[in-house]
>>> print(open('start_25.cif').read())   # mmCIF, N, CA and C atoms
data_entry
loop_
_atom_site.label_atom_id
_atom_site.label_comp_id
_atom_site.auth_asym_id
_atom_site.auth_seq_id
_atom_site.Cartn_x
_atom_site.Cartn_y
_atom_site.Cartn_z
N MET A 14 19.16 -77.56 -23.04
CA MET A 14 20.27 -76.65 -22.99
C MET A 14 19.85 -75.36 -22.32
N MET A 15 20.67 -74.93 -21.43
CA MET A 15 20.43 -73.69 -20.71
C MET A 15 21.33 -72.61 -21.29
N ARG A 16 20.75 -71.48 -21.54
CA ARG A 16 21.55 -70.37 -22.04
C ARG A 16 22.16 -69.62 -20.87
N GLU A 17 23.31 -69.01 -21.14
CA GLU A 17 23.92 -68.20 -20.10
C GLU A 17 23.14 -66.91 -19.94
N LYS A 18 23.08 -66.44 -18.74
CA LYS A 18 22.39 -65.19 -18.45
C LYS A 18 23.31 -64.03 -18.85
N LYS A 19 22.76 -63.09 -19.62
CA LYS A 19 23.55 -61.96 -20.08
C LYS A 19 23.80 -60.99 -18.94
N GLN A 20 24.99 -60.44 -18.93
CA GLN A 20 25.29 -59.41 -17.94
C GLN A 20 24.70 -58.10 -18.43
N ARG A 21 24.03 -57.40 -17.55
CA ARG A 21 23.42 -56.13 -17.91
C ARG A 21 24.33 -54.98 -17.50
N VAL A 22 24.30 -53.95 -18.31
CA VAL A 22 25.08 -52.76 -18.03
C VAL A 22 24.16 -51.78 -17.31
N ALA A 23 24.64 -51.23 -16.19
CA ALA A 23 23.84 -50.27 -15.42
C ALA A 23 23.73 -48.96 -16.18
N THR A 24 22.53 -48.42 -16.26
CA THR A 24 22.31 -47.15 -16.98
C THR A 24 21.68 -46.10 -16.10
N GLU A 25 21.85 -46.20 -14.79
CA GLU A 25 21.28 -45.19 -13.89
C GLU A 25 21.93 -43.85 -14.15
N ALA A 26 21.31 -42.81 -13.61
CA ALA A 26 21.83 -41.45 -13.78
C ALA A 26 23.18 -41.27 -13.11
N GLY A 27 23.53 -42.10 -12.18
CA GLY A 27 24.79 -41.97 -11.47
C GLY A 27 26.00 -42.30 -12.31
N ILE A 28 25.83 -43.03 -13.39
CA ILE A 28 26.96 -43.38 -14.24
C ILE A 28 27.13 -42.29 -15.28
N ALA A 29 28.28 -41.62 -15.25
CA ALA A 29 28.49 -40.41 -16.04
C ALA A 29 28.69 -40.69 -17.52
N HIS A 30 29.25 -41.83 -17.89
CA HIS A 30 29.58 -42.00 -19.30
C HIS A 30 28.35 -42.25 -20.17
N PHE A 31 27.17 -42.35 -19.61
CA PHE A 31 25.97 -42.47 -20.41
C PHE A 31 25.24 -41.13 -20.55
N ALA A 32 25.70 -40.07 -19.87
CA ALA A 32 25.01 -38.79 -19.91
C ALA A 32 25.04 -38.18 -21.31
N THR A 33 26.21 -38.13 -21.92
CA THR A 33 26.33 -37.65 -23.29
C THR A 33 27.56 -38.30 -23.92
N PRO A 34 27.44 -38.81 -25.11
CA PRO A 34 28.57 -39.54 -25.70
C PRO A 34 29.74 -38.65 -26.09
N PHE A 35 29.52 -37.34 -26.21
CA PHE A 35 30.58 -36.46 -26.65
C PHE A 35 31.12 -35.57 -25.54
N ALA A 36 30.86 -35.91 -24.29
CA ALA A 36 31.25 -35.06 -23.18
C ALA A 36 32.76 -34.95 -23.03
N ALA A 37 33.50 -35.95 -23.43
CA ALA A 37 34.94 -35.93 -23.23
C ALA A 37 35.70 -35.31 -24.40
N LEU A 38 35.01 -34.79 -25.39
CA LEU A 38 35.68 -34.20 -26.53
C LEU A 38 35.77 -32.69 -26.39
N THR A 39 36.86 -32.12 -26.89
CA THR A 39 37.00 -30.67 -26.94
C THR A 39 36.72 -30.22 -28.36
N MET A 40 36.84 -28.93 -28.60
CA MET A 40 36.59 -28.42 -29.94
C MET A 40 37.63 -28.92 -30.95
N GLU A 41 38.82 -29.25 -30.49
CA GLU A 41 39.85 -29.75 -31.39
C GLU A 41 39.68 -31.24 -31.68
N GLY A 42 38.77 -31.89 -30.99
CA GLY A 42 38.52 -33.31 -31.23
C GLY A 42 39.32 -34.23 -30.32
N ARG A 43 40.16 -33.67 -29.45
CA ARG A 43 40.94 -34.50 -28.53
C ARG A 43 40.17 -34.69 -27.24
N ALA A 44 40.29 -35.84 -26.65
CA ALA A 44 39.59 -36.14 -25.41
C ALA A 44 40.31 -35.49 -24.23
N THR A 45 39.55 -35.03 -23.29
CA THR A 45 40.09 -34.51 -22.04
C THR A 45 39.49 -35.28 -20.90
N GLN A 46 40.11 -35.22 -19.76
CA GLN A 46 39.64 -35.99 -18.61
C GLN A 46 38.76 -35.18 -17.68
N ASP A 47 38.90 -33.87 -17.66
CA ASP A 47 38.19 -33.06 -16.69
C ASP A 47 37.01 -32.28 -17.28
N VAL A 48 36.41 -32.77 -18.34
CA VAL A 48 35.24 -32.13 -18.94
C VAL A 48 34.00 -32.61 -18.19
N PRO A 49 33.15 -31.71 -17.70
CA PRO A 49 31.94 -32.17 -17.01
C PRO A 49 31.01 -32.87 -17.99
N THR A 50 30.27 -33.83 -17.48
CA THR A 50 29.40 -34.62 -18.35
C THR A 50 27.99 -34.08 -18.42
N GLU A 51 27.75 -32.93 -17.81
CA GLU A 51 26.41 -32.36 -17.84
C GLU A 51 26.12 -31.85 -19.24
N ALA A 52 24.92 -32.06 -19.69
CA ALA A 52 24.53 -31.61 -21.02
C ALA A 52 24.38 -30.09 -21.01
N VAL A 53 24.88 -29.47 -22.05
CA VAL A 53 24.80 -28.02 -22.18
C VAL A 53 23.51 -27.71 -22.94
N SER A 54 22.72 -26.80 -22.41
CA SER A 54 21.44 -26.50 -23.06
C SER A 54 21.67 -25.77 -24.37
N VAL A 55 20.77 -25.98 -25.30
CA VAL A 55 20.88 -25.35 -26.61
C VAL A 55 20.72 -23.84 -26.49
N ALA A 56 19.87 -23.39 -25.58
CA ALA A 56 19.65 -21.96 -25.43
C ALA A 56 20.90 -21.26 -24.93
N ALA A 57 21.68 -21.91 -24.09
CA ALA A 57 22.89 -21.30 -23.55
C ALA A 57 23.98 -21.19 -24.61
N THR A 58 23.99 -22.10 -25.58
CA THR A 58 25.03 -22.08 -26.58
C THR A 58 24.66 -21.27 -27.81
N SER A 59 23.38 -20.96 -27.98
CA SER A 59 22.98 -20.21 -29.16
C SER A 59 23.46 -18.76 -29.06
N ALA A 60 23.67 -18.17 -30.21
CA ALA A 60 24.16 -16.80 -30.25
C ALA A 60 23.06 -15.86 -29.76
N LYS A 61 23.47 -14.74 -29.16
CA LYS A 61 22.50 -13.76 -28.71
C LYS A 61 21.83 -13.12 -29.92
N ILE A 62 20.53 -13.03 -29.85
CA ILE A 62 19.77 -12.45 -30.93
C ILE A 62 19.48 -10.99 -30.56
N PRO A 63 19.79 -10.05 -31.45
CA PRO A 63 19.61 -8.64 -31.12
C PRO A 63 18.14 -8.28 -30.96
N VAL A 64 17.91 -7.12 -30.33
CA VAL A 64 16.55 -6.64 -30.12
C VAL A 64 15.94 -6.33 -31.48
N GLU A 65 14.71 -6.76 -31.66
CA GLU A 65 14.04 -6.62 -32.94
C GLU A 65 12.91 -5.60 -32.83
N ARG A 66 12.69 -4.89 -33.91
CA ARG A 66 11.51 -4.01 -34.03
C ARG A 66 10.52 -4.75 -34.91
N LEU A 67 9.37 -5.04 -34.35
CA LEU A 67 8.36 -5.81 -35.07
C LEU A 67 7.16 -4.95 -35.38
N LEU A 68 6.47 -5.29 -36.45
CA LEU A 68 5.24 -4.62 -36.84
C LEU A 68 4.09 -5.58 -36.61
N LEU A 69 3.10 -5.13 -35.85
CA LEU A 69 1.91 -5.92 -35.55
C LEU A 69 0.75 -5.29 -36.30
N ARG A 70 0.11 -6.08 -37.18
CA ARG A 70 -1.03 -5.54 -37.91
C ARG A 70 -2.17 -6.54 -37.94
N ARG A 71 -3.36 -6.01 -38.12
CA ARG A 71 -4.59 -6.81 -38.11
C ARG A 71 -5.03 -7.03 -39.55
N GLU A 72 -5.37 -8.27 -39.90
CA GLU A 72 -5.86 -8.59 -41.24
C GLU A 72 -7.17 -9.34 -41.13
N THR A 73 -8.09 -9.04 -42.04
CA THR A 73 -9.33 -9.80 -42.15
C THR A 73 -9.59 -10.20 -43.59
N ALA A 74 -8.83 -9.68 -44.52
CA ALA A 74 -9.05 -9.93 -45.94
C ALA A 74 -8.79 -11.39 -46.30
N HIS A 75 -9.68 -11.96 -47.10
CA HIS A 75 -9.56 -13.33 -47.61
C HIS A 75 -9.55 -14.38 -46.51
N ARG A 76 -10.19 -14.07 -45.40
CA ARG A 76 -10.21 -15.01 -44.28
C ARG A 76 -11.63 -15.25 -43.77
N GLY A 77 -12.61 -14.95 -44.57
CA GLY A 77 -13.99 -15.19 -44.19
C GLY A 77 -14.45 -14.30 -43.05
N GLY A 78 -13.89 -13.10 -42.92
CA GLY A 78 -14.27 -12.18 -41.86
C GLY A 78 -13.58 -12.42 -40.54
N LYS A 79 -12.75 -13.43 -40.46
CA LYS A 79 -12.03 -13.73 -39.22
C LYS A 79 -10.81 -12.81 -39.09
N THR A 80 -10.51 -12.44 -37.87
CA THR A 80 -9.37 -11.55 -37.60
C THR A 80 -8.12 -12.37 -37.36
N VAL A 81 -7.03 -11.96 -38.00
CA VAL A 81 -5.72 -12.58 -37.81
C VAL A 81 -4.72 -11.47 -37.54
N LEU A 82 -3.89 -11.65 -36.52
CA LEU A 82 -2.82 -10.69 -36.24
C LEU A 82 -1.55 -11.18 -36.91
N VAL A 83 -0.92 -10.32 -37.67
CA VAL A 83 0.30 -10.67 -38.38
C VAL A 83 1.45 -9.90 -37.73
N VAL A 84 2.48 -10.63 -37.32
CA VAL A 84 3.68 -10.03 -36.74
C VAL A 84 4.81 -10.27 -37.72
N GLU A 85 5.42 -9.19 -38.19
CA GLU A 85 6.50 -9.33 -39.16
C GLU A 85 7.65 -8.40 -38.81
N GLY A 86 8.78 -8.66 -39.44
CA GLY A 86 9.95 -7.83 -39.20
C GLY A 86 11.08 -8.58 -38.52
N PHE A 87 10.99 -9.91 -38.47
CA PHE A 87 12.06 -10.70 -37.86
C PHE A 87 13.28 -10.67 -38.77
N SER A 88 14.44 -10.46 -38.19
CA SER A 88 15.67 -10.39 -38.99
C SER A 88 16.12 -11.80 -39.36
N SER A 89 17.13 -11.86 -40.20
CA SER A 89 17.66 -13.16 -40.63
C SER A 89 18.42 -13.86 -39.52
N ALA A 90 18.68 -13.17 -38.40
CA ALA A 90 19.33 -13.81 -37.26
C ALA A 90 18.42 -14.86 -36.63
N TRP A 91 17.12 -14.74 -36.85
CA TRP A 91 16.15 -15.71 -36.35
C TRP A 91 16.03 -16.84 -37.36
N THR A 92 16.42 -18.04 -36.95
CA THR A 92 16.28 -19.20 -37.81
C THR A 92 14.81 -19.62 -37.84
N LEU A 93 14.46 -20.40 -38.85
CA LEU A 93 13.08 -20.87 -38.94
C LEU A 93 12.70 -21.74 -37.75
N LEU A 94 13.64 -22.52 -37.26
CA LEU A 94 13.36 -23.36 -36.09
C LEU A 94 13.06 -22.50 -34.86
N ARG A 95 13.85 -21.46 -34.64
CA ARG A 95 13.63 -20.58 -33.49
C ARG A 95 12.32 -19.81 -33.65
N LEU A 96 11.99 -19.40 -34.86
CA LEU A 96 10.71 -18.73 -35.10
C LEU A 96 9.54 -19.67 -34.82
N GLN A 97 9.66 -20.92 -35.23
CA GLN A 97 8.60 -21.89 -34.95
C GLN A 97 8.44 -22.10 -33.45
N GLU A 98 9.55 -22.13 -32.72
CA GLU A 98 9.47 -22.27 -31.27
C GLU A 98 8.78 -21.05 -30.65
N LEU A 99 9.09 -19.84 -31.16
CA LEU A 99 8.46 -18.63 -30.66
C LEU A 99 6.96 -18.64 -30.93
N VAL A 100 6.55 -19.06 -32.13
CA VAL A 100 5.13 -19.15 -32.46
C VAL A 100 4.44 -20.13 -31.52
N HIS A 101 5.08 -21.25 -31.26
CA HIS A 101 4.50 -22.24 -30.36
C HIS A 101 4.35 -21.67 -28.94
N GLU A 102 5.35 -20.96 -28.46
CA GLU A 102 5.27 -20.36 -27.13
C GLU A 102 4.15 -19.33 -27.05
N VAL A 103 4.01 -18.50 -28.09
CA VAL A 103 2.98 -17.46 -28.11
C VAL A 103 1.59 -18.10 -28.17
N LYS A 104 1.43 -19.11 -29.01
CA LYS A 104 0.14 -19.79 -29.10
C LYS A 104 -0.24 -20.44 -27.77
N SER A 105 0.71 -21.03 -27.11
CA SER A 105 0.44 -21.66 -25.81
C SER A 105 0.08 -20.62 -24.76
N ALA A 106 0.78 -19.49 -24.77
CA ALA A 106 0.51 -18.46 -23.77
C ALA A 106 -0.85 -17.80 -23.99
N LEU A 107 -1.24 -17.62 -25.24
CA LEU A 107 -2.51 -16.97 -25.54
C LEU A 107 -3.68 -17.94 -25.63
N GLY A 108 -3.40 -19.22 -25.79
CA GLY A 108 -4.46 -20.20 -25.92
C GLY A 108 -5.23 -20.05 -27.21
N CYS A 109 -4.51 -19.86 -28.31
CA CYS A 109 -5.17 -19.66 -29.60
C CYS A 109 -4.39 -20.40 -30.67
N GLY A 110 -4.87 -20.32 -31.89
CA GLY A 110 -4.19 -20.94 -33.02
C GLY A 110 -3.29 -19.94 -33.72
N GLY A 111 -2.52 -20.46 -34.63
CA GLY A 111 -1.64 -19.61 -35.41
C GLY A 111 -0.63 -20.44 -36.15
N LYS A 112 0.20 -19.77 -36.96
CA LYS A 112 1.24 -20.48 -37.70
C LYS A 112 2.31 -19.50 -38.15
N LEU A 113 3.38 -20.07 -38.64
CA LEU A 113 4.47 -19.30 -39.23
C LEU A 113 4.33 -19.41 -40.74
N LYS A 114 4.24 -18.27 -41.42
CA LYS A 114 4.06 -18.28 -42.86
C LYS A 114 4.96 -17.23 -43.47
N GLU A 115 5.95 -17.66 -44.25
CA GLU A 115 6.89 -16.77 -44.93
C GLU A 115 7.58 -15.82 -43.96
N ARG A 116 8.10 -16.36 -42.86
CA ARG A 116 8.81 -15.62 -41.81
C ARG A 116 7.93 -14.57 -41.13
N ARG A 117 6.61 -14.76 -41.21
CA ARG A 117 5.65 -13.91 -40.51
C ARG A 117 4.87 -14.79 -39.55
N MET A 118 4.59 -14.28 -38.38
CA MET A 118 3.79 -15.00 -37.40
C MET A 118 2.34 -14.58 -37.58
N GLU A 119 1.45 -15.55 -37.76
CA GLU A 119 0.03 -15.26 -37.88
C GLU A 119 -0.68 -15.87 -36.67
N ILE A 120 -1.33 -15.03 -35.88
CA ILE A 120 -2.04 -15.46 -34.67
C ILE A 120 -3.52 -15.23 -34.89
N GLN A 121 -4.32 -16.25 -34.62
CA GLN A 121 -5.75 -16.15 -34.86
C GLN A 121 -6.45 -15.41 -33.73
N GLY A 122 -7.44 -14.61 -34.11
CA GLY A 122 -8.27 -13.93 -33.14
C GLY A 122 -7.83 -12.51 -32.85
N GLU A 123 -8.70 -11.80 -32.14
CA GLU A 123 -8.45 -10.41 -31.76
C GLU A 123 -7.72 -10.41 -30.42
N GLN A 124 -6.41 -10.59 -30.45
CA GLN A 124 -5.61 -10.75 -29.24
C GLN A 124 -4.51 -9.70 -29.14
N ALA A 125 -4.65 -8.59 -29.82
CA ALA A 125 -3.58 -7.59 -29.88
C ALA A 125 -3.22 -7.05 -28.50
N ASP A 126 -4.22 -6.86 -27.64
CA ASP A 126 -3.95 -6.33 -26.30
C ASP A 126 -3.18 -7.31 -25.43
N ARG A 127 -3.24 -8.57 -25.75
CA ARG A 127 -2.48 -9.58 -25.01
C ARG A 127 -1.17 -9.94 -25.70
N LEU A 128 -1.16 -9.86 -27.04
CA LEU A 128 0.02 -10.25 -27.81
C LEU A 128 1.15 -9.23 -27.69
N GLN A 129 0.84 -7.95 -27.77
CA GLN A 129 1.89 -6.94 -27.72
C GLN A 129 2.69 -6.99 -26.42
N PRO A 130 2.06 -7.00 -25.23
CA PRO A 130 2.87 -7.10 -24.01
C PRO A 130 3.65 -8.41 -23.90
N LEU A 131 3.09 -9.48 -24.46
CA LEU A 131 3.78 -10.76 -24.42
C LEU A 131 5.07 -10.71 -25.22
N LEU A 132 5.03 -10.10 -26.39
CA LEU A 132 6.23 -9.96 -27.21
C LEU A 132 7.22 -8.98 -26.58
N GLU A 133 6.71 -7.93 -25.95
CA GLU A 133 7.59 -6.95 -25.31
C GLU A 133 8.32 -7.55 -24.11
N THR A 134 7.70 -8.46 -23.39
CA THR A 134 8.40 -9.11 -22.28
C THR A 134 9.49 -10.04 -22.78
N ARG A 135 9.41 -10.46 -24.04
CA ARG A 135 10.45 -11.30 -24.63
C ARG A 135 11.55 -10.47 -25.27
N GLY A 136 11.50 -9.14 -25.13
CA GLY A 136 12.58 -8.28 -25.59
C GLY A 136 12.36 -7.62 -26.92
N PHE A 137 11.19 -7.71 -27.50
CA PHE A 137 10.91 -7.09 -28.78
C PHE A 137 10.35 -5.68 -28.58
N VAL A 138 10.53 -4.83 -29.58
CA VAL A 138 9.88 -3.53 -29.63
C VAL A 138 8.77 -3.70 -30.67
N VAL A 139 7.52 -3.54 -30.23
CA VAL A 139 6.38 -3.83 -31.10
C VAL A 139 5.65 -2.54 -31.42
N LYS A 140 5.39 -2.31 -32.71
CA LYS A 140 4.64 -1.16 -33.19
C LYS A 140 3.39 -1.67 -33.88
N ARG A 141 2.26 -1.08 -33.51
CA ARG A 141 1.00 -1.46 -34.14
C ARG A 141 0.87 -0.72 -35.47
N GLY A 142 0.37 -1.42 -36.47
CA GLY A 142 0.25 -0.84 -37.79
C GLY A 142 -1.17 -0.48 -38.16
N TRP A 143 -2.03 -0.15 -37.20
CA TRP A 143 -3.39 0.29 -37.55
C TRP A 143 -3.82 1.46 -36.74
#
>>> encode(input="start_25.cif", output="structure tokens")
Amino acid sequence: MMREKKQRVATEAGIAHFATPFAALTMEGRATQDVPTEAVSVAATSAKIPVERLLLRRETAHRGGKTVLVVEGFSSAWTLLRLQELVHEVKSALGCGGKLKERRMEIQGEQADRLQPLLETRGFVVKRGW
């Protein structure tokens, strides 16, 4: 017995209905015909976050003599996900370790001269606390 060959559905980028399953929906839930199928970036749809004043301080206590820079003062407008993305971007740019702990960014090493301008280019006002 020979089985029939299945017909395959084309999924190339040229076919618009595979770009996003919700492209034809409006906010009211009704479908429209002239909605573009291009995906909207998350950054473009997120609300504008106001300029923040951050405090940058150096800590060595309870860390075995190692220096850690602590950046704090993020408002509640910053979600934990966005803060984690910011920590990841800063760690990648500086080439060092770090983490987000209790809505504070902890960056390993003596990198204050590189960290402050990096945060200022992202729109923050940074004050050193030492």
>>> resolve_selection(input="start_25.cif", expression="the PyMOL selection byres ((chain A and resi 92-107) around 8)", output="ChimeraX atom specification")
/A:88-91,108-113,116,118-121,124,127-128,131-132
>>> residues_near_point(input="start_25.cif", point="(3.0, -0.1, -26.5)", cutoff="7 Å", atoms="only N, CA and C atoms", output="list in words")
Gln129, Val139 and Lys140 of chain A
>>> atom_distance(input="start_25.cif", atom1="atom N of His75 in chain A", atom2="CA of Phe87 in chain A")
23.7 Å
>>> residues_around(input="start_25.cif", residues="Leu69 in chain A", least_positions_apart="6", cutoff="5 Å", atoms="all atoms listed in the file", output="list in words")
Val83, Val84, Lys140, Arg141 and Gly142 of chain A
>>> write_last_selection(input="start_25.cif", atoms="N, CA and C atoms", output="PDB file, keeping the file's coordinate frame")
ATOM      1  N   VAL A  83      -0.920 -10.320 -37.670  1.00  0.00           N
ATOM      2  CA  VAL A  83       0.300 -10.670 -38.380  1.00  0.00           C
ATOM      3  C   VAL A  83       1.450  -9.900 -37.730  1.00  0.00           C
ATOM      4  N   VAL A  84       2.480 -10.630 -37.320  1.00  0.00           N
ATOM      5  CA  VAL A  84       3.680 -10.030 -36.740  1.00  0.00           C
ATOM      6  C   VAL A  84       4.810 -10.270 -37.720  1.00  0.00           C
ATOM      7  N   LYS A 140       5.390  -2.310 -32.710  1.00  0.00           N
ATOM      8  CA  LYS A 140       4.640  -1.160 -33.190  1.00  0.00           C
ATOM      9  C   LYS A 140       3.390  -1.670 -33.880  1.00  0.00           C
ATOM     10  N   ARG A 141       2.260  -1.080 -33.510  1.00  0.00           N
ATOM     11  CA  ARG A 141       1.000  -1.460 -34.140  1.00  0.00           C
ATOM     12  C   ARG A 141       0.870  -0.720 -35.470  1.00  0.00           C
ATOM     13  N   GLY A 142       0.370  -1.420 -36.470  1.00  0.00           N
ATOM     14  CA  GLY A 142       0.250  -0.840 -37.790  1.00  0.00           C
ATOM     15  C   GLY A 142      -1.170  -0.480 -38.160  1.00  0.00           C
TER      16      GLY A 142
END
>>> atom_distance(input="start_25.cif", atom1="atom C of Leu82 in chain A", atom2="CA of Leu67 in chain A")
11.4 Å
>>> atom_distance(input="start_25.cif", atom1="CA of Phe137 in chain A", atom2="CA of Ala74 in chain A")
26.5 Å
>>> decode(input="start_25.cif", residues="range 115-132 of chain A", atoms="N, CA and C atoms", output="CSV table (one decimal), in the first residue's frame")
chain,number,residue,atom,x,y,z
A,115,GLU,N,17.0,43.0,44.7
A,115,GLU,CA,16.1,43.9,45.4
A,115,GLU,C,16.0,45.2,44.7
A,116,ARG,N,15.8,45.2,43.4
A,116,ARG,CA,15.7,46.4,42.6
A,116,ARG,C,16.9,47.3,42.6
A,117,ARG,N,18.1,46.7,42.9
A,117,ARG,CA,19.3,47.4,42.9
A,117,ARG,C,20.2,46.6,41.9
A,118,MET,N,21.0,47.3,41.1
A,118,MET,CA,21.9,46.7,40.2
A,118,MET,C,23.3,46.6,40.9
A,119,GLU,N,23.9,45.4,40.9
A,119,GLU,CA,25.2,45.2,41.5
A,119,GLU,C,26.1,44.8,40.4
A,120,ILE,N,27.2,45.6,40.2
A,120,ILE,CA,28.1,45.3,39.1
A,120,ILE,C,29.5,45.0,39.8
A,121,GLN,N,30.1,44.0,39.4
A,121,GLN,CA,31.3,43.5,40.0
A,121,GLN,C,32.5,44.3,39.5
A,122,GLY,N,33.5,44.6,40.4
A,122,GLY,CA,34.7,45.3,40.0
A,122,GLY,C,34.7,46.8,40.1
A,123,GLU,N,35.8,47.4,40.0
A,123,GLU,CA,36.0,48.8,40.1
A,123,GLU,C,35.8,49.4,38.7
A,124,GLN,N,34.6,49.7,38.3
A,124,GLN,CA,34.2,50.1,37.0
A,124,GLN,C,33.5,51.4,37.0
A,125,ALA,N,33.6,52.2,38.1
A,125,ALA,CA,32.8,53.4,38.2
A,125,ALA,C,33.0,54.4,37.1
A,126,ASP,N,34.3,54.5,36.7
A,126,ASP,CA,34.6,55.5,35.6
A,126,ASP,C,34.0,55.1,34.3
A,127,ARG,N,33.7,53.8,34.1
A,127,ARG,CA,33.1,53.4,32.8
A,127,ARG,C,31.6,53.2,33.0
A,128,LEU,N,31.1,52.9,34.2
A,128,LEU,CA,29.7,52.7,34.4
A,128,LEU,C,28.9,54.0,34.4
A,129,GLN,N,29.4,55.0,35.0
A,129,GLN,CA,28.6,56.3,35.1
A,129,GLN,C,28.4,56.9,33.7
A,130,PRO,N,29.4,57.0,32.8
A,130,PRO,CA,29.0,57.5,31.5
A,130,PRO,C,28.1,56.6,30.7
A,131,LEU,N,28.2,55.3,30.9
A,131,LEU,CA,27.3,54.4,30.2
A,131,LEU,C,25.9,54.6,30.6
A,132,LEU,N,25.6,54.8,31.9
A,132,LEU,CA,24.3,55.0,32.4
A,132,LEU,C,23.8,56.4,31.9
